[in-house]
>>> print(open('target11.cif').read())   # mmCIF, C-alpha atoms
data_work
loop_
_atom_site.label_atom_id
_atom_site.label_comp_id
_atom_site.auth_asym_id
_atom_site.auth_seq_id
_atom_site.Cartn_x
_atom_site.Cartn_y
_atom_site.Cartn_z
CA MET J 1 -18.30 -4.63 44.68
CA SER J 2 -15.96 -1.87 45.88
CA HIS J 3 -17.05 1.74 46.25
CA ALA J 4 -14.76 2.78 43.38
CA ASP J 5 -16.30 0.16 41.07
CA GLN J 6 -19.66 1.88 41.49
CA LEU J 7 -18.43 5.16 40.02
CA THR J 8 -20.08 5.98 36.70
CA ALA J 9 -18.33 7.42 33.65
CA ARG J 10 -19.80 10.79 34.56
CA ASP J 11 -18.33 10.49 38.07
CA LEU J 12 -14.91 9.64 36.69
CA ILE J 13 -14.86 12.57 34.29
CA GLN J 14 -16.02 14.94 37.03
CA MET J 15 -13.32 13.73 39.42
CA TYR J 16 -10.69 14.21 36.73
CA ARG J 17 -12.03 17.71 36.05
CA TRP J 18 -11.81 18.62 39.74
CA MET J 19 -8.15 17.58 39.80
CA VAL J 20 -7.37 19.55 36.63
CA LEU J 21 -9.20 22.59 38.00
CA THR J 22 -7.29 22.38 41.28
CA ARG J 23 -3.94 22.21 39.46
CA ALA J 24 -4.87 25.06 37.12
CA PHE J 25 -5.97 27.25 40.02
CA GLU J 26 -2.75 26.66 41.92
CA ASP J 27 -0.57 27.16 38.85
CA ARG J 28 -2.31 30.42 38.07
CA ILE J 29 -1.92 31.98 41.49
CA CYS J 30 1.71 30.85 41.65
CA GLY J 31 2.24 32.59 38.32
CA LEU J 32 0.46 35.72 39.51
CA TRP J 33 2.41 35.90 42.75
CA GLY J 34 4.73 38.90 42.79
CA LYS J 35 2.57 40.78 40.33
CA GLY J 36 0.08 43.48 41.26
CA GLY J 37 -3.05 42.61 43.17
CA VAL J 38 -2.31 39.22 44.73
CA VAL J 39 -2.03 39.46 48.51
CA GLU J 40 -2.16 35.75 49.39
CA LEU J 41 1.21 34.02 49.56
CA PRO J 42 0.63 30.80 47.56
CA HIS J 43 1.34 27.47 49.24
CA GLY J 44 0.88 25.19 46.24
CA CYS J 45 -0.63 21.71 46.41
CA GLN J 46 0.57 20.67 42.95
CA GLY J 47 1.05 16.91 43.06
CA GLN J 48 -1.44 16.26 45.87
CA GLU J 49 -4.75 16.79 44.04
CA ALA J 50 -5.87 13.15 44.18
CA ILE J 51 -6.19 13.29 47.97
CA ALA J 52 -8.62 16.19 48.25
CA VAL J 53 -10.70 15.12 45.26
CA GLY J 54 -10.74 11.42 46.11
CA ALA J 55 -11.65 12.10 49.73
CA CYS J 56 -14.37 14.68 49.16
CA TYR J 57 -16.08 13.47 46.00
CA GLY J 58 -18.39 10.94 47.65
CA LEU J 59 -19.30 13.00 50.71
CA ARG J 60 -22.83 14.09 51.56
CA GLN J 61 -23.85 17.72 51.53
CA HIS J 62 -24.01 17.92 55.33
CA ASP J 63 -20.72 16.14 55.95
CA GLN J 64 -18.03 18.55 57.04
CA VAL J 65 -14.41 18.88 55.99
CA MET J 66 -11.48 20.61 57.64
CA PRO J 67 -9.07 21.42 54.79
CA SER J 68 -5.34 21.72 55.29
CA LEU J 69 -3.07 24.39 53.86
CA ARG J 70 -2.82 22.33 50.66
CA THR J 71 -6.33 21.04 50.14
CA ARG J 72 -7.63 23.47 47.52
CA GLY J 73 -9.57 20.66 45.89
CA ALA J 74 -11.63 20.16 49.05
CA PHE J 75 -13.06 23.68 48.72
CA LEU J 76 -13.86 23.14 45.06
CA VAL J 77 -15.52 19.73 45.47
CA LYS J 78 -17.55 21.00 48.42
CA GLY J 79 -18.91 23.80 46.26
CA VAL J 80 -16.82 26.90 47.01
CA SER J 81 -16.48 28.59 43.62
CA PRO J 82 -13.15 29.55 42.03
CA ARG J 83 -14.46 33.12 41.91
CA VAL J 84 -14.84 33.35 45.69
CA GLN J 85 -11.49 31.72 46.31
CA MET J 86 -9.71 33.92 43.79
CA ALA J 87 -11.29 37.01 45.33
CA GLY J 88 -9.78 35.84 48.59
CA VAL J 89 -6.39 35.51 46.92
CA TYR J 90 -6.71 39.17 45.92
CA GLY J 91 -8.07 40.22 49.32
CA LYS J 92 -11.25 41.62 47.80
CA ALA J 93 -14.62 42.29 49.44
CA THR J 94 -16.18 39.46 47.42
CA GLY J 95 -13.82 36.96 49.03
CA PRO J 96 -14.63 34.51 51.82
CA ALA J 97 -13.87 36.98 54.62
CA ARG J 98 -14.95 40.12 52.75
CA GLY J 99 -11.30 41.09 52.34
CA LYS J 100 -10.22 40.71 55.96
CA ALA J 101 -8.35 37.50 55.22
CA THR J 102 -7.30 35.55 52.17
CA ALA J 103 -8.60 32.17 51.05
CA HIS J 104 -6.13 30.42 53.36
CA HIS J 105 -7.98 28.40 56.02
CA MET J 106 -11.33 29.88 54.93
CA GLY J 107 -14.58 28.34 56.08
CA ASP J 108 -18.03 28.06 54.52
CA ALA J 109 -20.71 26.87 56.94
CA GLU J 110 -23.36 26.44 54.23
CA ARG J 111 -21.12 24.06 52.28
CA GLY J 112 -19.75 22.14 55.23
CA VAL J 113 -16.25 23.63 55.23
CA LEU J 114 -14.93 24.20 58.75
CA LEU J 115 -12.91 27.32 59.49
CA GLY J 116 -9.26 26.38 59.90
CA SER J 117 -6.26 27.91 61.59
CA GLY J 118 -2.82 29.06 60.53
CA VAL J 119 -1.33 27.26 63.53
CA VAL J 120 -0.02 23.89 62.34
CA GLY J 121 -2.10 21.04 63.77
CA ALA J 122 -4.49 23.28 65.69
CA SER J 123 -7.40 22.47 63.36
CA ILE J 124 -7.30 18.77 64.26
CA THR J 125 -9.01 19.28 67.61
CA VAL J 126 -11.54 21.65 66.03
CA ALA J 127 -12.52 18.93 63.57
CA VAL J 128 -12.80 16.46 66.45
CA GLY J 129 -15.17 18.89 68.17
CA ALA J 130 -17.34 19.03 65.06
CA ALA J 131 -17.47 15.22 65.02
CA LEU J 132 -18.46 15.23 68.69
CA ALA J 133 -21.31 17.60 67.83
CA PHE J 134 -22.60 15.20 65.17
CA LYS J 135 -22.54 12.35 67.70
CA LEU J 136 -24.35 14.36 70.38
CA GLN J 137 -26.96 15.39 67.82
CA ARG J 138 -27.30 11.72 66.81
CA LYS J 139 -26.72 12.53 63.17
CA ASP J 140 -24.99 10.13 60.80
CA ASN J 141 -22.87 12.86 59.22
CA ILE J 142 -19.09 12.65 59.35
CA VAL J 143 -16.08 14.95 59.41
CA VAL J 144 -13.05 14.55 57.15
CA ASP J 145 -9.98 16.22 58.64
CA PHE J 146 -6.94 16.95 56.43
CA PHE J 147 -3.47 17.73 57.78
CA GLY J 148 0.18 17.16 56.89
CA ASP J 149 3.02 15.06 58.27
CA GLY J 150 4.34 18.05 60.22
CA ALA J 151 1.02 18.42 62.06
CA ALA J 152 1.21 14.74 63.04
CA GLN J 153 4.22 15.57 65.23
CA ARG J 154 2.32 18.00 67.43
CA GLY J 155 0.36 17.45 70.61
CA ASP J 156 -2.89 18.44 68.89
CA PHE J 157 -2.61 15.27 66.78
CA HIS J 158 -2.28 12.94 69.76
CA GLU J 159 -4.88 14.69 71.90
CA GLY J 160 -7.36 14.89 69.04
CA LEU J 161 -6.98 11.28 67.94
CA ASN J 162 -7.07 9.98 71.49
CA PHE J 163 -10.31 11.87 72.23
CA ALA J 164 -11.87 10.68 68.97
CA GLY J 165 -10.90 7.10 69.75
CA VAL J 166 -12.23 7.13 73.29
CA PHE J 167 -15.62 8.49 72.22
CA ARG J 168 -15.72 6.64 68.87
CA LEU J 169 -16.41 9.82 66.95
CA PRO J 170 -17.51 9.91 63.28
CA ILE J 171 -14.32 11.35 61.82
CA VAL J 172 -11.83 10.34 59.13
CA PHE J 173 -8.31 11.67 59.65
CA VAL J 174 -6.56 12.18 56.30
CA LEU J 175 -2.83 12.67 56.75
CA GLU J 176 -1.28 14.15 53.59
CA ASN J 177 2.26 12.82 53.86
CA ASN J 178 4.03 14.83 51.15
CA GLY J 179 7.52 14.24 52.49
CA PHE J 180 8.10 17.69 53.95
CA SER J 181 7.14 19.69 57.01
CA GLU J 182 7.49 23.15 55.48
CA TYR J 183 11.14 22.87 54.34
CA THR J 184 12.17 19.96 56.57
CA PRO J 185 12.28 16.54 54.88
CA LEU J 186 10.46 13.69 56.57
CA SER J 187 13.70 11.88 57.43
CA LYS J 188 14.76 14.84 59.58
CA HIS J 189 11.66 14.94 61.79
CA PHE J 190 10.28 11.39 61.82
CA ALA J 191 12.12 8.21 62.80
CA GLY J 192 9.27 5.75 62.28
CA SER J 193 8.33 3.70 59.23
CA ASP J 194 4.81 5.12 58.88
CA PHE J 195 2.23 7.28 60.65
CA ALA J 196 -0.72 4.95 60.12
CA CYS J 197 0.42 2.57 62.88
CA ARG J 198 -0.14 5.31 65.45
CA ALA J 199 -3.89 4.75 65.19
CA GLN J 200 -3.49 1.42 66.99
CA GLY J 201 -2.61 3.31 70.16
CA TYR J 202 -5.94 5.11 70.02
CA GLY J 203 -8.06 2.05 69.32
CA PHE J 204 -9.00 2.46 65.69
CA PRO J 205 -7.68 1.44 62.23
CA GLY J 206 -4.79 3.15 60.49
CA ILE J 207 -4.13 2.57 56.80
CA ARG J 208 -1.23 3.69 54.63
CA LEU J 209 -2.07 4.16 50.96
CA ASP J 210 -0.96 5.65 47.67
CA GLY J 211 -2.05 9.28 47.85
CA ASN J 212 -1.48 9.76 44.12
CA ASP J 213 -4.12 7.17 43.25
CA VAL J 214 -7.47 8.96 43.33
CA PHE J 215 -9.35 5.65 43.29
CA ALA J 216 -7.41 4.31 46.28
CA VAL J 217 -8.16 7.49 48.23
CA TYR J 218 -11.85 7.43 47.27
CA GLU J 219 -12.19 3.78 48.23
CA ALA J 220 -10.44 4.21 51.58
CA VAL J 221 -12.43 7.30 52.58
CA GLN J 222 -15.75 5.80 51.52
CA ALA J 223 -15.05 2.65 53.57
CA ALA J 224 -13.97 4.73 56.57
CA ALA J 225 -17.03 6.96 56.19
CA ALA J 226 -19.39 3.98 56.14
CA ARG J 227 -17.75 2.68 59.30
CA ALA J 228 -18.01 6.05 61.02
CA ARG J 229 -21.67 6.56 60.10
CA THR J 230 -22.64 3.30 61.80
CA GLY J 231 -20.86 3.99 65.08
CA GLY J 232 -17.57 2.28 64.22
CA GLY J 233 -15.50 5.31 65.14
CA PRO J 234 -12.53 7.05 63.50
CA THR J 235 -10.00 5.94 60.89
CA LEU J 236 -6.55 7.34 60.17
CA LEU J 237 -5.56 7.34 56.49
CA GLU J 238 -1.95 8.14 55.68
CA CYS J 239 -1.88 9.21 52.03
CA VAL J 240 1.68 9.13 50.69
CA THR J 241 2.25 11.83 48.08
CA TYR J 242 4.67 14.61 47.09
CA ARG J 243 4.38 18.32 46.44
CA TYR J 244 6.29 19.70 43.50
CA ARG J 245 6.69 23.24 44.76
CA ASN J 246 8.39 24.52 47.86
CA HIS J 247 6.59 25.33 51.09
CA CYS J 248 5.56 28.66 49.56
CA GLU J 249 6.49 30.82 46.59
CA VAL J 250 9.22 32.69 48.45
CA LEU J 251 11.64 30.03 47.17
CA PRO J 252 11.63 28.24 43.81
CA PRO J 253 10.70 24.50 43.74
CA GLU J 254 14.29 23.35 43.27
CA ALA J 255 15.61 25.29 46.27
CA LEU J 256 16.66 22.98 49.11
CA ARG J 257 15.64 19.89 47.12
CA ASP J 258 17.16 17.59 44.55
CA THR J 259 15.61 18.21 41.12
CA ALA J 260 15.98 14.50 40.36
CA GLU J 261 13.70 13.75 43.30
CA ILE J 262 11.06 16.13 41.96
CA GLU J 263 11.22 14.55 38.49
CA GLN J 264 11.00 11.07 39.99
CA TRP J 265 7.71 11.99 41.61
CA ARG J 266 6.45 13.76 38.50
CA ALA J 267 6.43 10.34 36.86
CA LYS J 268 3.77 9.43 39.45
CA ASP J 269 1.70 12.58 38.87
CA PRO J 270 -1.94 11.82 39.82
CA ILE J 271 -3.47 13.75 36.91
CA PRO J 272 -1.72 12.02 33.96
CA ARG J 273 -2.15 8.78 35.87
CA MET J 274 -5.93 9.15 36.04
CA ARG J 275 -6.06 10.42 32.46
CA ALA J 276 -4.28 7.27 31.26
CA GLN J 277 -6.68 5.08 33.22
CA LEU J 278 -9.75 6.80 31.81
CA THR J 279 -8.36 6.65 28.28
CA GLN J 280 -7.63 2.95 28.65
CA ARG J 281 -11.18 2.34 29.85
CA GLY J 282 -12.63 4.29 26.95
CA VAL J 283 -14.23 6.79 29.32
CA ILE J 284 -12.52 9.84 27.85
CA THR J 285 -11.35 10.84 24.37
CA ASP J 286 -8.79 13.33 23.11
CA ALA J 287 -11.59 15.63 21.94
CA LEU J 288 -13.25 15.55 25.34
CA LEU J 289 -9.93 16.21 27.04
CA ARG J 290 -9.29 19.28 24.90
CA LYS J 291 -12.78 20.58 25.66
CA LEU J 292 -12.42 19.92 29.38
CA HIS J 293 -9.04 21.63 29.67
CA ALA J 294 -10.27 24.62 27.68
CA GLU J 295 -13.29 24.95 29.98
CA VAL J 296 -11.05 24.83 33.04
CA GLU J 297 -8.77 27.56 31.70
CA ALA J 298 -11.80 29.70 30.90
CA GLU J 299 -13.12 29.17 34.41
CA ILE J 300 -9.81 30.29 35.92
CA ASP J 301 -9.69 33.32 33.57
CA ASP J 302 -13.19 34.24 34.72
CA ALA J 303 -12.20 33.89 38.38
CA VAL J 304 -9.17 36.16 37.92
CA LYS J 305 -11.26 38.76 36.06
CA PHE J 306 -13.91 38.63 38.78
CA ALA J 307 -11.30 39.12 41.49
CA GLU J 308 -9.51 41.96 39.71
CA GLU J 309 -12.77 43.81 39.08
CA SER J 310 -14.16 43.26 42.58
CA PRO J 311 -14.00 46.14 45.09
CA SER J 312 -11.56 46.27 47.93
CA PRO J 313 -13.09 46.24 51.42
CA ALA J 314 -14.34 49.60 52.68
CA PRO J 315 -12.45 51.14 55.62
CA GLU J 316 -15.49 50.77 57.90
CA GLU J 317 -15.33 46.99 57.45
CA LEU J 318 -12.49 47.11 59.97
CA TYR J 319 -15.02 47.63 62.76
CA LYS J 320 -17.47 44.92 61.69
CA ASP J 321 -17.51 41.32 62.92
CA VAL J 322 -15.24 42.16 65.85
CA TYR J 323 -17.75 40.60 68.23
CA ALA J 324 -20.41 37.95 67.70
CA PRO J 325 -23.88 39.46 67.21
CA GLU J 326 -25.89 39.74 70.39
CA PRO J 327 -28.94 37.44 70.55
CA PRO J 328 -32.12 39.51 70.08
CA GLU J 329 -33.63 38.31 73.36
CA LEU J 330 -30.70 39.66 75.39
CA VAL J 331 -30.35 43.30 76.34
CA VAL J 332 -27.22 44.44 78.20
CA GLY J 333 -26.62 40.93 79.50
CA ARG J 334 -30.18 40.43 80.74
CA ARG J 335 -33.21 38.85 79.16
CA ALA J 336 -35.70 41.43 77.89
#
>>> encode(input="target11.cif", output="structure tokens")
Amino acid sequence: MSHADQLTARDLIQMYRWMVLTRAFEDRICGLWGKGGVVELPHGCQGQEAIAVGACYGLRQHDQVMPSLRTRGAFLVKGVSPRVQMAGVYGKATGPARGKATAHHMGDAERGVLLGSGVVGASITVAVGAALAFKLQRKDNIVVDFFGDGAAQRGDFHEGLNFAGVFRLPIVFVLENNGFSEYTPLSKHFAGSDFACRAQGYGFPGIRLDGNDVFAVYEAVQAAAARARTGGGPTLLECVTYRYRNHCEVLPPEALRDTAEIEQWRAKDPIPRMRAQLTQRGVITDALLRKLHAEVEAEIDDAVKFAEESPSPAPEELYKDVYAPEPPELVVGRRA
């Protein structure tokens, strides 16, 4: 029996809800952008929700994830509330960095979310380091590292994957191939047929799969995770998908792209696709769908209200967290 076949009706409904919540969150902040209060420039993941949800849903509490710029669903599934993330969007003191940074690349150590970087590809080697720590500690936890096709063209990708392969680290590399590196289409920066084959050069499996099929992503990550937990080493999963919006909200979705291409991919939208599958299986009804969508909208409304009513960071916060706290047993560089 496959991993996906073991999902219960409750699991399926929850996974669908996570995808709907991710889309609703992204749509809301894109709509709020340009209006008062929002300081985070949205980089929407609309169209890619199946990857984050499918990859993170079956993880253990102590497994760690390194989200990409477009992996909002990873934060949600790992337990970071919409309130905290929305407060980050508004740059408020209740946000992930107490207002010093937005929700972009945020981390949450308690929930197993690694702190990322705004430098494309730089987080790959950080995730590899976390996987090395698990191996040295002899724990059977894993790391799931998300990044895009643009990051796969940088040295960090090759160095990170090579190191992980040599030391057979417990990490799953999830490449979100959405067809664009910022504004550059894949055909303009990649001459190969796929990225998955690169894993062969580092001594571990590479698999190319449909990134809009949440069940395919869940199955592939669960299989890779099981392999990693038992000492089998890394896996590279190339999830083929598409983002509907532009790199960020500075330009409208149709700028620099053919609208027919966008509509072609909308026919493969992961959310209606899963909804149709659940309806066909008798897992979900129209009444339940209406209730679920209403709950999601209420949750987003609550997050926006929380963020708008939260305080801005106090001026003295500027001088806090500049340096790591000094261990109590050390005094002026010497042991007490």
>>> residues_around(input="target11.cif", residues="range 304-309 of chain J", least_positions_apart="3", cutoff="9 Å", atoms="all atoms listed in the file", output="PyMOL selection string")
chain J and resi 28+37+82-92+94-95+299-301
>>> residues_around(input="target11.cif", residues="Cys56 in chain J", least_positions_apart="4", cutoff="12 Å", atoms="all atoms listed in the file", output="ChimeraX atom specification")
/J:15,18-19,49-52,60-67,71-79,111-113,142-146,172,174,214-215,217-222,225
>>> atom_distance(input="target11.cif", atom1="CA of Val240 in chain J", atom2="CA of Phe195 in chain J")
10.1 Å
>>> residues_around(input="target11.cif", residues="Leu12 in chain J", least_positions_apart="3", cutoff="12 Å", atoms="all atoms listed in the file", output="ChimeraX atom specification")
/J:4-9,15-19,53-54,57-58,214-215,218,274-275,277-279,281-284
>>> closest_residue(input="target11.cif", among="J:Pro252, J:Gly211, J:Gly116, J:Gly231", to="Arg138 in chain J", atoms="all atoms listed in the file")
J:Gly231
>>> closest_residue(input="target11.cif", among="J:Asn178, J:Ser310, J:Asn162, J:Gln280", to="Arg245 in chain J", atoms="only C-alpha atoms")
J:Asn178
>>> atom_distance(input="target11.cif", atom1="CA of Asp149 in chain J", atom2="CA of Gln46 in chain J")
16.5 Å
>>> resolve_selection(input="target11.cif", expression="the PyMOL selection byres ((chain J and resi 234) around 7)", output="list in words")
Ala164, Gly165, Arg168, Leu169, Pro170, Ile171, Val172, Phe204, Ala228, Gly232, Gly233, Thr235 and Leu236 of chain J
>>> resolve_selection(input="target11.cif", expression="the PyMOL selection byres ((chain J and resi 317-324) around 10)", output="mmCIF file with C-alpha atoms, in the frame of the given file")
data_model
loop_
_atom_site.group_PDB
_atom_site.id
_atom_site.type_symbol
_atom_site.label_atom_id
_atom_site.label_comp_id
_atom_site.auth_asym_id
_atom_site.auth_seq_id
_atom_site.Cartn_x
_atom_site.Cartn_y
_atom_site.Cartn_z
ATOM 1 C CA ALA J 93 -14.620 42.290 49.440
ATOM 2 C CA ARG J 98 -14.950 40.120 52.750
ATOM 3 C CA GLY J 99 -11.300 41.090 52.340
ATOM 4 C CA LYS J 100 -10.220 40.710 55.960
ATOM 5 C CA PRO J 313 -13.090 46.240 51.420
ATOM 6 C CA ALA J 314 -14.340 49.600 52.680
ATOM 7 C CA PRO J 315 -12.450 51.140 55.620
ATOM 8 C CA GLU J 316 -15.490 50.770 57.900
ATOM 9 C CA PRO J 325 -23.880 39.460 67.210
ATOM 10 C CA GLU J 326 -25.890 39.740 70.390
ATOM 11 C CA PRO J 327 -28.940 37.440 70.550
#
